[in-house]
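J.: This is the structure I have questions about; it appears just below.
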Amino acid sequence: MSCAGPPGLPVVDAMTPPVLVLAGPVTRDEVRELGDQVQALLRTSGAGVVVCDVAGLGPPGLGIVDLLARLQLAAGRARGRIRLRDPDPALPALLDLVGLRFEMEGQPEQREPPLGVEEAVEPGDPAM
């Protein structure tokens with residue numbers, strides 16, 4: 001005896017990345033624990049990214065840069081990455097200053113133009 005499922009397409013929940021809320025100040029002892037949490041979230045969720053809510057970390061400094069770099073390394077060990085949510089406006093500039101690149105939530109992905117931007121081709125332009 002066989003049982004047919006309901007007609008139509010199956011219902012599939014969209015995969016949303018797990019969120020890790022960071023509240024500061026974070027001590028050196030807590031950094032390893034947070035790295036372990038990032039790795040566990042990546043492994044259990046099956047997602048390739050963990051969103052780190054950094055709004056509660058306070059004003060950016062080198063301690064926050066160190067924390068985020070270590071979390072990114074931990075995520076990389078689990079074959080994932082982190083994305084930052086609600087950073088202080090000065091944090092992206094500080095990360096850029098020290099040479100670290102992080103994906104920020106709400107920004108277009110790399111190599112993709114922002115929505116509404118179209119590339120135009122002028123008549124007579126050589127083909128590439």
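In the structure tokens, each chain is lettered A, B, ... as it comes, each chain's residues begin at 1, and ligands are numbered from 1 in order of appearance.
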Tell me, as a short mmCIF file (atom, residue, chain, number, x, y, z; two decimals) with all heavy atoms, in the first residue's frame, which residues lie within 8 Å of A:Val19, counting only C-alpha atoms; anything in the same chain fewer than 2 positions away does not count.
T.:
data_model
loop_
_atom_site.label_atom_id
_atom_site.label_comp_id
_atom_site.auth_asym_id
_atom_site.auth_seq_id
_atom_site.Cartn_x
_atom_site.Cartn_y
_atom_site.Cartn_z
N PRO A 17 20.56 32.16 8.17
CA PRO A 17 21.78 31.87 8.93
C PRO A 17 21.56 32.08 10.42
O PRO A 17 20.77 32.93 10.83
CB PRO A 17 22.80 32.86 8.36
CG PRO A 17 22.01 33.93 7.71
CD PRO A 17 20.70 33.32 7.31
N VAL A 21 24.82 36.85 19.03
CA VAL A 21 24.80 38.21 19.55
C VAL A 21 26.03 38.41 20.43
O VAL A 21 26.24 37.66 21.39
CB VAL A 21 23.51 38.49 20.35
CG1 VAL A 21 23.52 39.89 20.92
CG2 VAL A 21 22.29 38.28 19.47
N VAL A 50 27.57 32.62 9.67
CA VAL A 50 26.97 32.98 10.95
C VAL A 50 26.91 34.50 11.00
O VAL A 50 27.92 35.17 10.75
CB VAL A 50 27.79 32.44 12.15
CG1 VAL A 50 27.28 33.01 13.46
CG2 VAL A 50 27.76 30.93 12.17
N VAL A 51 25.74 35.03 11.30
CA VAL A 51 25.59 36.47 11.44
C VAL A 51 25.97 36.84 12.87
O VAL A 51 25.43 36.29 13.82
CB VAL A 51 24.14 36.91 11.14
CG1 VAL A 51 23.97 38.39 11.42
CG2 VAL A 51 23.78 36.59 9.71
N CYS A 52 26.93 37.75 13.01
CA CYS A 52 27.35 38.23 14.32
C CYS A 52 26.77 39.62 14.54
O CYS A 52 27.15 40.56 13.85
CB CYS A 52 28.87 38.27 14.43
SG CYS A 52 29.63 36.64 14.43
N ASP A 53 25.86 39.72 15.49
CA ASP A 53 25.27 41.01 15.83
C ASP A 53 26.25 41.73 16.75
O ASP A 53 26.45 41.33 17.90
CB ASP A 53 23.93 40.81 16.52
CG ASP A 53 23.16 42.10 16.72
OD1 ASP A 53 23.80 43.15 16.90
OD2 ASP A 53 21.92 42.06 16.70
#
J.: Among the residues of stretch 13-53 of chain A, find those DSSP assigns to alpha helix (DSSP H) from the backbone and print them as a list in words.
T.: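 Going through stretch 13-53 of chain A, the alpha helix (DSSP H) residues come out as Arg28, Asp29, Glu30, Val31, Arg32, Glu33, Leu34, Gly35, Asp36, Gln37, Val38, Gln39, Ala40, Leu41, Leu42, Arg43, Thr44 and Ser45 of chain A.
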J.: Selection from above, all heavy atoms, as a compact mmCIF listing (two decimals), in the first residue's frame, can you write it?
T.:
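As written to disk, part_28.txt reads:
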# COMPACT_ATOMS: atom_id res chain seq x y z
N ARG A 28 39.47 38.05 27.07
CA ARG A 28 40.27 37.09 26.30
C ARG A 28 39.80 35.66 26.51
O ARG A 28 39.85 34.84 25.60
CB ARG A 28 41.75 37.20 26.67
CG ARG A 28 42.41 38.44 26.12
CD ARG A 28 43.93 38.34 26.36
NE ARG A 28 44.61 39.46 25.76
CZ ARG A 28 45.09 39.46 24.52
NH1 ARG A 28 44.96 38.39 23.77
NH2 ARG A 28 45.70 40.51 24.04
N ASP A 29 39.34 35.36 27.74
CA ASP A 29 38.86 34.00 28.02
C ASP A 29 37.59 33.69 27.24
O ASP A 29 37.34 32.53 26.88
CB ASP A 29 38.59 33.84 29.52
CG ASP A 29 39.87 33.99 30.35
OD1 ASP A 29 40.96 33.69 29.82
OD2 ASP A 29 39.76 34.39 31.52
N GLU A 30 36.79 34.68 26.96
CA GLU A 30 35.54 34.47 26.24
C GLU A 30 35.74 34.32 24.74
O GLU A 30 34.87 33.76 24.06
CB GLU A 30 34.57 35.63 26.51
CG GLU A 30 34.11 35.73 27.95
CD GLU A 30 33.33 37.00 28.24
OE1 GLU A 30 33.74 38.07 27.72
OE2 GLU A 30 32.34 36.91 28.95
N VAL A 31 36.86 34.78 24.22
CA VAL A 31 37.10 34.73 22.78
C VAL A 31 37.12 33.29 22.27
O VAL A 31 36.49 32.97 21.26
CB VAL A 31 38.40 35.47 22.40
CG1 VAL A 31 38.76 35.26 20.94
CG2 VAL A 31 38.27 36.95 22.70
N ARG A 32 37.80 32.41 22.97
CA ARG A 32 37.87 31.00 22.54
C ARG A 32 36.47 30.37 22.58
O ARG A 32 36.08 29.64 21.67
CB ARG A 32 38.83 30.20 23.41
CG ARG A 32 38.78 28.70 23.07
CD ARG A 32 39.84 27.92 23.73
NE ARG A 32 41.02 28.06 22.88
CZ ARG A 32 42.26 27.98 23.31
NH1 ARG A 32 42.51 27.79 24.56
NH2 ARG A 32 43.26 28.11 22.47
N GLU A 33 35.72 30.67 23.63
CA GLU A 33 34.37 30.13 23.75
C GLU A 33 33.48 30.62 22.60
O GLU A 33 32.70 29.85 22.03
CB GLU A 33 33.76 30.54 25.08
CG GLU A 33 32.37 29.98 25.33
CD GLU A 33 31.81 30.43 26.66
OE1 GLU A 33 32.55 30.47 27.65
OE2 GLU A 33 30.60 30.74 26.68
N LEU A 34 33.60 31.89 22.24
CA LEU A 34 32.82 32.43 21.13
C LEU A 34 33.22 31.79 19.81
O LEU A 34 32.37 31.52 18.95
CB LEU A 34 32.97 33.95 21.06
CG LEU A 34 32.29 34.73 22.19
CD1 LEU A 34 32.71 36.20 22.15
CD2 LEU A 34 30.78 34.60 22.10
N GLY A 35 34.51 31.53 19.63
CA GLY A 35 34.97 30.83 18.43
C GLY A 35 34.39 29.43 18.35
O GLY A 35 33.97 28.98 17.27
N ASP A 36 34.33 28.74 19.49
CA ASP A 36 33.72 27.41 19.52
C ASP A 36 32.24 27.49 19.19
O ASP A 36 31.70 26.62 18.51
CB ASP A 36 33.92 26.77 20.90
CG ASP A 36 35.37 26.42 21.18
OD1 ASP A 36 36.18 26.36 20.22
OD2 ASP A 36 35.71 26.22 22.37
N GLN A 37 31.56 28.55 19.66
CA GLN A 37 30.14 28.72 19.36
C GLN A 37 29.91 28.94 17.87
O GLN A 37 28.97 28.40 17.28
CB GLN A 37 29.57 29.89 20.16
CG GLN A 37 29.37 29.61 21.63
CD GLN A 37 28.80 30.81 22.36
OE1 GLN A 37 28.27 31.73 21.76
NE2 GLN A 37 28.91 30.78 23.68
N VAL A 38 30.78 29.75 17.24
CA VAL A 38 30.66 29.99 15.80
C VAL A 38 30.81 28.67 15.04
O VAL A 38 30.01 28.36 14.15
CB VAL A 38 31.71 31.02 15.32
CG1 VAL A 38 31.85 31.02 13.81
CG2 VAL A 38 31.35 32.41 15.82
N GLN A 39 31.81 27.87 15.41
CA GLN A 39 32.01 26.60 14.73
C GLN A 39 30.83 25.66 14.94
O GLN A 39 30.38 25.00 14.00
CB GLN A 39 33.30 25.94 15.21
CG GLN A 39 34.54 26.66 14.72
CD GLN A 39 35.82 26.01 15.21
OE1 GLN A 39 35.83 25.31 16.23
NE2 GLN A 39 36.91 26.24 14.49
N ALA A 40 30.29 25.63 16.16
CA ALA A 40 29.15 24.76 16.44
C ALA A 40 27.91 25.21 15.65
O ALA A 40 27.18 24.37 15.11
CB ALA A 40 28.85 24.77 17.94
N LEU A 41 27.69 26.51 15.56
CA LEU A 41 26.56 27.02 14.79
C LEU A 41 26.67 26.65 13.31
O LEU A 41 25.69 26.29 12.67
CB LEU A 41 26.42 28.53 14.96
CG LEU A 41 25.89 29.02 16.30
CD1 LEU A 41 26.05 30.53 16.43
CD2 LEU A 41 24.44 28.61 16.48
N LEU A 42 27.88 26.75 12.77
CA LEU A 42 28.08 26.40 11.36
C LEU A 42 27.83 24.92 11.13
O LEU A 42 27.21 24.53 10.14
CB LEU A 42 29.48 26.79 10.91
CG LEU A 42 29.71 28.29 10.70
CD1 LEU A 42 31.20 28.60 10.58
CD2 LEU A 42 28.96 28.77 9.47
N ARG A 43 28.31 24.10 12.03
CA ARG A 43 28.16 22.65 11.85
C ARG A 43 26.73 22.19 12.04
O ARG A 43 26.24 21.35 11.28
CB ARG A 43 29.09 21.92 12.81
CG ARG A 43 30.54 22.05 12.42
CD ARG A 43 31.45 21.19 13.28
NE ARG A 43 32.82 21.39 12.88
CZ ARG A 43 33.77 21.90 13.67
NH1 ARG A 43 33.49 22.23 14.91
NH2 ARG A 43 35.00 22.06 13.23
N THR A 44 26.04 22.71 13.05
CA THR A 44 24.69 22.22 13.33
C THR A 44 23.64 22.80 12.38
O THR A 44 22.65 22.15 12.11
CB THR A 44 24.27 22.54 14.79
OG1 THR A 44 24.33 23.95 15.00
CG2 THR A 44 25.16 21.82 15.77
N SER A 45 23.88 24.00 11.88
CA SER A 45 22.87 24.62 11.01
C SER A 45 23.03 24.21 9.56
O SER A 45 22.07 24.29 8.79
CB SER A 45 22.95 26.15 11.11
OG SER A 45 24.13 26.63 10.50
J.: Given the choices A:Ala47, A:Leu100, A:Val26, A:Leu91, which gets closest to A:Pro60 if the distance is worked out from only C-alpha atoms?
T.: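 Once distances to A:Pro60 are computed over only C-alpha atoms, the minimum belongs to A:Leu91.
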J.: Which neighbours of A:Gly56 fall inside 9 Å, counting only C-alpha atoms, when residues of the same chain fewer than 6 positions from it are skipped, and could you give them as a ChimeraX atom specification?
T.: /A:21-25,86-87
J.: Which of these residues is nearest to A:Thr27, using only C-alpha atoms: A:Ala75, A:Leu97, A:Leu84, A:Ile64?
T.: A:Ile64
J.: State, in Å with one decimal place, the distance from atom CA of A:Val49 to atom CA of A:Gly61.
T.: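 These atoms are spaced 23.9 Å apart.
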J.: Choose the residue, out of A:Leu20, A:Ile82, A:Leu62, A:Ala55, that has the smallest atom-to-atom separation from A:Leu94; count only C-alpha atoms.
T.: A:Leu62
J.: One number please: atom CA of A:Arg77 to atom CA of A:Gly46, in Å, one decimal.
T.: 14.1 Å
